[in-house]
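Containing compact mmCIF, C-alpha atoms: final-v4.txt.
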# COMPACT_ATOMS: atom_id res chain seq x y z
CA MET A 165 0.00 0.00 0.00
CA ASN A 166 2.74 2.48 0.97
CA ALA A 167 4.60 1.79 -2.30
CA ARG A 168 1.45 2.47 -4.35
CA LEU A 169 0.77 5.69 -2.48
CA LYS A 170 4.32 6.89 -3.04
CA LYS A 171 4.13 6.08 -6.75
CA SER A 172 0.89 8.09 -7.00
CA GLY A 173 2.82 11.25 -6.12
CA ILE A 174 1.30 11.95 -2.72
CA PRO A 175 3.49 14.29 -0.63
CA THR A 176 5.38 12.83 2.33
CA ASP A 177 3.48 14.86 4.93
CA VAL A 178 0.16 13.62 3.52
CA LEU A 179 1.44 10.03 3.64
CA GLY A 180 2.26 10.53 7.31
CA LEU A 181 -1.23 11.88 7.96
CA ILE A 182 -2.79 8.86 6.22
CA ASN A 183 -0.61 6.51 8.26
CA ARG A 184 -1.68 8.15 11.54
CA TYR A 185 -5.33 8.03 10.43
CA LEU A 186 -5.09 4.29 9.76
CA LYS A 187 -3.44 3.57 13.10
CA ALA A 188 -5.69 5.84 15.20
CA PRO A 189 -7.71 3.92 17.84
CA THR A 190 -11.51 3.84 17.76
CA ALA A 191 -13.81 4.70 20.66
CA ALA A 192 -16.43 2.17 21.79
CA ASP A 193 -18.38 2.27 25.05
CA GLY A 194 -16.03 4.91 26.43
CA LYS A 195 -12.91 2.82 25.72
CA LEU A 196 -10.21 3.17 23.07
CA ILE A 197 -9.64 0.10 20.91
CA ALA A 198 -6.45 -0.28 18.90
CA THR A 199 -6.86 -0.44 15.12
CA THR A 200 -4.98 -3.39 13.64
CA LYS A 201 -6.40 -3.43 10.12
CA GLY A 202 -8.92 -1.77 7.85
CA VAL A 203 -10.12 1.80 7.36
CA PRO A 204 -12.75 3.48 9.59
CA GLN A 205 -16.16 3.45 7.89
CA GLY A 206 -17.81 6.72 6.97
CA GLY A 207 -14.58 8.70 6.65
CA PRO A 208 -13.22 10.37 3.50
CA LEU A 209 -10.09 8.21 3.44
CA SER A 210 -11.79 4.96 2.44
CA PRO A 211 -13.02 6.00 -1.06
CA LEU A 212 -9.76 7.87 -1.67
CA LEU A 213 -7.61 4.81 -0.98
CA ALA A 214 -10.05 2.63 -2.95
CA ASN A 215 -9.58 4.83 -6.01
CA ILE A 216 -5.81 4.65 -5.73
CA VAL A 217 -5.71 0.89 -5.16
CA LEU A 218 -8.35 0.05 -7.78
CA ASN A 219 -7.07 2.39 -10.47
CA LYS A 220 -5.37 -0.53 -12.22
CA LEU A 221 -8.66 -2.44 -12.15
CA ASP A 222 -10.41 0.45 -13.92
CA TRP A 223 -7.79 0.46 -16.67
CA GLU A 224 -8.02 -3.32 -16.98
CA LEU A 225 -11.78 -3.07 -17.49
CA HIS A 226 -11.28 -0.30 -20.06
CA ARG A 227 -8.68 -2.43 -21.84
CA ARG A 228 -11.23 -5.24 -22.10
CA GLN A 229 -13.83 -2.74 -23.38
CA LEU A 230 -16.31 -3.69 -20.65
CA SER A 231 -19.21 -1.51 -19.53
CA PHE A 232 -18.94 -0.97 -15.80
CA VAL A 233 -19.72 1.42 -12.96
CA ARG A 234 -17.73 1.66 -9.74
CA TYR A 235 -17.97 3.58 -6.48
CA ALA A 236 -15.36 3.00 -3.76
CA ASP A 237 -15.15 -0.79 -3.36
CA ASP A 238 -18.47 -1.60 -5.05
CA PHE A 239 -18.80 -2.09 -8.80
CA GLN A 240 -21.05 -3.62 -11.43
CA ILE A 241 -20.06 -4.96 -14.85
CA LEU A 242 -22.65 -5.28 -17.61
CA VAL A 243 -22.33 -8.11 -20.13
CA GLY A 244 -24.63 -9.85 -22.59
CA SER A 245 -24.96 -13.37 -21.16
CA ARG A 246 -24.55 -15.42 -18.01
CA ARG A 247 -21.72 -17.38 -19.60
CA SER A 248 -19.80 -14.15 -20.24
CA ALA A 249 -20.51 -13.01 -16.69
CA GLU A 250 -19.13 -16.23 -15.21
CA ARG A 251 -16.00 -16.04 -17.35
CA ILE A 252 -15.34 -12.37 -16.57
CA LYS A 253 -15.97 -12.88 -12.86
CA ALA A 254 -13.42 -15.71 -12.74
CA ASN A 255 -10.82 -13.74 -14.74
CA LEU A 256 -11.24 -10.56 -12.68
CA THR A 257 -11.14 -12.45 -9.39
CA HIS A 258 -7.75 -13.85 -10.47
CA PHE A 259 -6.60 -10.37 -11.53
CA ILE A 260 -7.66 -8.72 -8.26
CA GLU A 261 -6.20 -11.38 -6.00
CA CYS A 262 -2.97 -12.01 -7.92
CA LYS A 263 -2.17 -8.61 -9.43
CA LEU A 264 -3.66 -6.24 -6.86
CA LYS A 265 -3.14 -8.53 -3.84
CA LEU A 266 -6.71 -7.93 -2.63
CA THR A 267 -9.39 -10.34 -1.43
CA VAL A 268 -12.69 -10.50 -3.31
CA ASN A 269 -15.81 -10.71 -1.15
CA THR A 270 -17.37 -13.89 -2.52
CA GLU A 271 -20.56 -13.44 -0.45
CA LYS A 272 -21.39 -10.15 -2.16
CA SER A 273 -20.07 -11.06 -5.60
CA ALA A 274 -22.41 -12.79 -8.03
CA GLU A 275 -23.50 -12.91 -11.63
CA ASP A 276 -27.20 -12.24 -12.26
CA HIS A 277 -29.70 -10.17 -14.24
CA PHE A 278 -29.30 -6.44 -13.60
CA TRP A 279 -32.80 -6.09 -12.11
CA LYS A 280 -31.94 -8.64 -9.43
CA ARG A 281 -28.81 -6.83 -8.23
CA SER A 282 -28.58 -3.65 -6.13
CA PHE A 283 -25.95 -0.95 -6.36
CA LEU A 284 -25.38 1.72 -3.71
CA GLY A 285 -28.81 1.03 -2.23
CA PHE A 286 -30.70 1.14 -5.55
CA ARG A 287 -32.12 -1.36 -8.00
CA LEU A 288 -33.35 -1.06 -11.57
CA LEU A 289 -36.69 -2.44 -12.66
CA LYS A 290 -36.70 -4.95 -15.49
CA LYS A 291 -39.36 -3.00 -17.38
CA GLY A 292 -38.21 0.48 -18.26
CA ALA A 293 -35.07 0.26 -16.07
CA ARG A 294 -36.60 2.72 -13.59
CA ILE A 295 -34.70 3.45 -10.37
CA LYS A 296 -36.04 1.87 -7.19
CA VAL A 297 -34.84 1.83 -3.60
CA SER A 298 -33.58 -1.66 -2.72
CA GLU A 299 -35.38 -3.76 -0.12
CA SER A 300 -32.26 -3.94 2.04
CA SER A 301 -32.05 -0.12 2.18
CA MET A 302 -35.67 0.14 3.28
CA ASN A 303 -35.18 -2.60 5.87
CA LYS A 304 -32.20 -0.71 7.33
CA LEU A 305 -34.34 2.42 7.63
CA LYS A 306 -37.10 0.41 9.31
CA ALA A 307 -34.60 -0.91 11.84
CA LYS A 308 -33.50 2.68 12.54
CA VAL A 309 -37.12 3.81 13.02
CA ARG A 310 -37.81 0.88 15.37
CA MET A 311 -34.80 1.87 17.45
CA ILE A 312 -35.85 5.53 17.65
CA THR A 313 -39.50 4.74 18.52
CA ARG A 314 -38.76 2.24 21.29
CA ARG A 315 -40.97 3.12 24.25
CA THR A 316 -38.29 2.05 26.75
CA ARG A 317 -36.12 5.00 25.69
CA GLY A 318 -38.28 7.29 27.82
CA ARG A 319 -38.28 10.22 25.38
CA LYS A 320 -40.98 12.80 24.78
CA PHE A 321 -42.94 12.45 21.56
CA THR A 322 -41.56 15.74 20.22
CA GLN A 323 -38.02 14.45 20.80
CA ILE A 324 -38.84 11.24 18.93
CA VAL A 325 -40.16 13.24 15.96
CA GLU A 326 -37.06 15.45 15.93
CA GLU A 327 -34.78 12.39 15.88
CA LEU A 328 -36.82 10.87 13.08
CA LYS A 329 -36.68 14.11 11.09
CA LYS A 330 -32.89 14.06 11.09
CA SER A 331 -32.70 10.45 9.90
CA LEU A 332 -35.50 10.76 7.34
CA LEU A 333 -34.22 14.00 5.83
CA GLY A 334 -30.79 12.48 5.22
CA TRP A 335 -32.31 9.27 3.85
CA LYS A 336 -34.68 11.20 1.59
CA ALA A 337 -31.89 13.44 0.28
CA TYR A 338 -29.96 10.36 -0.85
CA PHE A 339 -32.84 8.28 -2.23
CA ASP A 340 -34.86 11.15 -3.70
CA ILE A 341 -33.89 10.12 -7.24
CA SER A 342 -36.01 6.98 -6.89
CA GLU A 343 -38.64 6.81 -9.65
CA VAL A 344 -40.77 4.04 -8.10
CA LEU A 345 -42.78 5.69 -5.34
CA SER A 346 -45.24 2.99 -4.24
CA PRO A 347 -42.77 1.32 -1.78
CA LEU A 348 -41.94 4.74 -0.33
CA LYS A 349 -45.62 5.53 0.16
CA ASP A 350 -46.01 2.26 2.08
CA LEU A 351 -42.94 3.19 4.12
CA ASP A 352 -44.47 6.59 4.96
CA LYS A 353 -47.66 4.87 6.15
CA TRP A 354 -45.66 2.44 8.28
CA ILE A 355 -43.66 5.25 9.94
CA ARG A 356 -46.84 7.19 10.78
CA ARG A 357 -48.36 4.03 12.19
CA LYS A 358 -45.29 3.52 14.39
CA LEU A 359 -45.74 7.06 15.72
CA ARG A 360 -49.46 6.50 16.39
CA CYS A 361 -48.53 3.35 18.26
CA TYR A 362 -45.90 5.23 20.27
CA LEU A 363 -48.38 7.95 21.26
CA TRP A 364 -51.06 5.45 22.20
CA LYS A 365 -48.61 3.65 24.50
CA GLN A 366 -47.55 6.97 25.97
CA TRP A 367 -51.14 8.02 26.67
CA GLY A 368 -51.79 4.88 28.68
CA ARG A 369 -54.95 5.14 30.82
CA SER A 370 -55.62 8.65 29.54
CA GLY A 371 -56.30 7.30 26.04
CA TYR A 372 -60.04 7.96 26.17
CA ARG A 373 -59.58 11.53 27.37
CA ARG A 374 -56.92 12.19 24.75
CA LEU A 375 -59.11 10.89 21.94
CA ARG A 376 -62.04 13.00 23.08
CA GLY A 377 -59.75 16.03 23.24
CA LEU A 378 -58.85 15.38 19.59
CA ARG A 379 -62.55 15.39 18.60
CA VAL A 380 -63.11 11.67 18.32
CA ASP A 381 -66.76 10.88 19.11
CA ARG A 382 -67.56 9.39 22.50
CA PHE A 383 -68.67 5.93 21.31
CA LEU A 384 -65.58 5.34 19.12
CA ALA A 385 -63.20 6.73 21.73
CA TRP A 386 -64.69 4.53 24.46
CA ASN A 387 -64.58 1.34 22.37
CA THR A 388 -60.97 2.03 21.40
CA ALA A 389 -59.83 2.81 24.93
CA LYS A 390 -61.50 -0.35 26.31
CA SER A 391 -60.39 -2.60 23.45
CA ALA A 392 -58.51 -5.79 24.28
CA HIS A 393 -56.28 -5.37 21.22
CA GLY A 394 -52.67 -4.32 21.61
CA PRO A 395 -51.18 -0.90 20.72
CA TRP A 396 -49.90 -1.99 17.29
CA ARG A 397 -53.33 -3.29 16.27
CA LEU A 398 -55.04 -0.15 17.57
CA SER A 399 -52.55 2.11 15.81
CA LYS A 400 -54.48 1.30 12.63
CA SER A 401 -57.89 1.88 14.18
CA PRO A 402 -60.34 4.54 12.87
CA ALA A 403 -60.12 6.43 16.18
CA LEU A 404 -56.37 7.01 15.96
CA TYR A 405 -56.59 7.86 12.27
CA ARG A 406 -59.16 10.53 13.08
CA ALA A 407 -57.26 11.82 16.10
CA LEU A 408 -53.85 11.75 14.37
CA PRO A 409 -54.39 12.24 10.62
CA ASN A 410 -51.53 12.60 8.15
CA ARG A 411 -51.66 16.39 8.36
CA TYR A 412 -50.90 16.14 12.10
CA PHE A 413 -47.48 14.67 11.31
CA ARG A 414 -46.93 17.12 8.43
CA ASN A 415 -47.52 20.00 10.83
CA LEU A 416 -44.81 18.52 13.08
CA GLY A 417 -42.42 18.70 10.14
CA LEU A 418 -42.14 14.94 9.59
CA PRO A 419 -40.71 14.39 6.08
CA GLU A 420 -42.65 12.24 3.61
CA LEU A 421 -40.30 9.98 1.68
CA ALA A 422 -42.60 9.69 -1.34
CA ASP A 423 -43.29 13.41 -1.56
CA ARG A 424 -42.07 14.96 -4.82
CA SER A 425 -44.02 18.22 -4.58
CA ARG A 426 -40.88 20.30 -4.24
CA LYS A 427 -39.05 20.68 -7.52
CA ARG A 428 -35.61 19.16 -7.29
CA ILE A 429 -32.65 20.93 -8.85
CA GLU A 430 -31.18 18.48 -11.31
CA PRO A 431 -27.38 18.23 -11.14
CA PRO A 432 -25.40 18.61 -14.35
CA TRP A 433 -24.53 15.43 -16.22
CA TYR A 434 -20.92 14.48 -16.75
CA VAL A 435 -19.27 11.72 -18.71
CA THR A 436 -16.66 10.49 -16.28
CA ARG A 437 -15.12 7.44 -14.70
CA MET A 438 -16.77 6.76 -11.36
CA PRO A 439 -14.94 5.86 -8.12
CA GLY A 440 -15.72 2.44 -6.32
CA GLY A 441 -14.86 -1.21 -5.01
CA VAL A 442 -14.38 -4.96 -5.02
CA GLY A 443 -17.68 -6.08 -3.51
CA GLY A 444 -19.83 -6.19 -6.66
CA GLY A 445 -20.19 -8.76 -9.37
CA ALA A 446 -20.91 -9.14 -13.03
CA SER A 447 -24.56 -8.57 -13.86
Show this structure as C-alpha cells.
Amino acid sequence: MNARLKKSGIPTDVLGLINRYLKAPTAADGKLIATTKGVPQGGPLSPLLANIVLNKLDWELHRRQLSFVRYADDFQILVGSRRSAERIKANLTHFIECKLKLTVNTEKSAEDHFWKRSFLGFRLLKKGARIKVSESSMNKLKAKVRMITRRTRGRKFTQIVEELKKSLLGWKAYFDISEVLSPLKDLDKWIRRKLRCYLWKQWGRSGYRRLRGLRVDRFLAWNTAKSAHGPWRLSKSPALYRALPNRYFRNLGLPELADRSRKRIEPPWYVTRMPGGVGGGAS
C-alpha cells in the first residue's frame, strides 16, 4: 500500500497523515480500541484509498472494453450473457487477487440479471429500467425507526419526531432520485403508524380523554380505549386515524419519503469514470 501511495505522487506529509489516520484507535463504550487493520467506515479516506488501489482495475476493465460502474469498493459490470458473466468474474477475481493482492468478497459477488442486483442502495426495474430503492435499504431504515421509537427509551414524543426528522431527511436526500414511489408511500404509512402506536402507548390510561380532546366521538373513543387489542393493532384503528391524521405529522415537520411536490434541482450530467470497489459482481 505504501509503495502504491508513493508512486501516486502523494506528498510525504500527507502520507504521514494517512498513516496516523489508519493507526488511530476507535472509541467504543467509552474505551479506546487499537486499530490493527482496515479503514474506519464513513470517513473520506476509504473511497480515496479505494480509487488509488483500484485504479489498475479500472484500466483493466477499459482495456477489455467492458461496460462498468464503480464507487469506492463496489462495482457492477454489464455483459450480454450469463456465460460471459461467469468467465469475466473468474478472470477478474484472479486479476484482483494475484495482481492487486486484494481479497474479493465472494458473499457479495455474483452474476445475475441487472434487475436482481442492487448498487449503492438502488435497484433497476426490469421493465423500463426505472430506479427503485432496494429492499435492504428500506429494511435498514425500518430498523432505525424501530430503534428511535422504542418506548423504553423514555423520550418525549416531540423528541422522537425530531430524531426521526434528522434520519428521514438524510435518507430522503440520498434516495430522492427513486422513480418508483409505491414502496416509499407504504414506508411513509408504516412510519406514521409507528408514531401513532408510540403515542397510544404513551397516553396509557388517559387514552379515552386524549381521543375526546382530539374530537373523536364518544362511542368510538370509548370502544378504542377499552379494546382488548394491543397498541400496534389499535394504531391502525379509525379512532387514531381521526385523532392523528396525516396532516398532524406534516404540521410537526415529519418528512414524507414519497413526496415529490418540491421541484428538485437536477445536477449537471458528466461523462466520467466513477470511483468504487471490489464487492460487486458481473450482472
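Between CA of Asn183 (chain A) and CA of Asn215 (chain A) the interatomic distance comes to 16.9 Å.
Atom to atom, CA of Ser282 (chain A) and CA of Gly244 (chain A) stand 18.0 Å apart.
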Under the rule that all atoms listed in the file are counted, which of A:Ser370, A:Arg360, A:Ala236, A:Val203 is the nearest residue to Arg184 (chain A)?
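The shortest atom-to-atom distance to Arg184 (chain A) comes from A:Val203.
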Distance in Å - CA of Ser342 (chain A) versus CA of Ala307 (chain A):
20.4 Å
Edge lengths and centre, in Å to one decimal, as JSON: that's what I need for the box along x, y and z that holds all listed atoms of region 375-387 of chain A plus 5 Å on each side.
{"center_x": -63.8, "center_y": 8.7, "center_z": 21.4, "size_x": 19.8, "size_y": 24.7, "size_z": 16.1}
Minimum-distance residue to Val344 (chain A), chosen among A:Ala389, A:Ala422, A:Leu328, A:Leu416 (using all atoms listed in the file):
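Smallest separation from Val344 (chain A) among the options: A:Ala422.
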Residues near region 295-299 of chain A, cut-off 9 Å, all atoms listed in the file, skip fewer than 5 positions along chain, as a list in words
Arg281, Ser282, Phe283, Leu284, Gly285, Phe286, Arg287, Leu288, Leu289, Lys304, Phe339, Ile341, Ser342, Glu343, Val344, Leu345, Pro347 and Leu348 of chain A
Would you mind listing what lies within 10 Å of Lys400 (chain A) as an NGL selection string, with only C-alpha atoms counted and same-chain residues fewer than 4 positions away left out?
:A and (354 or 356-358 or 360-361 or 395-396 or 404-405)
Calculated over only C-alpha atoms, which of the candidates A:Arg382, A:Arg414, A:Arg234, A:Arg317 has the smallest distance to Asp352 (chain A)?
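Ranked by minimum distance to Asp352 (chain A), first place goes to A:Arg414.
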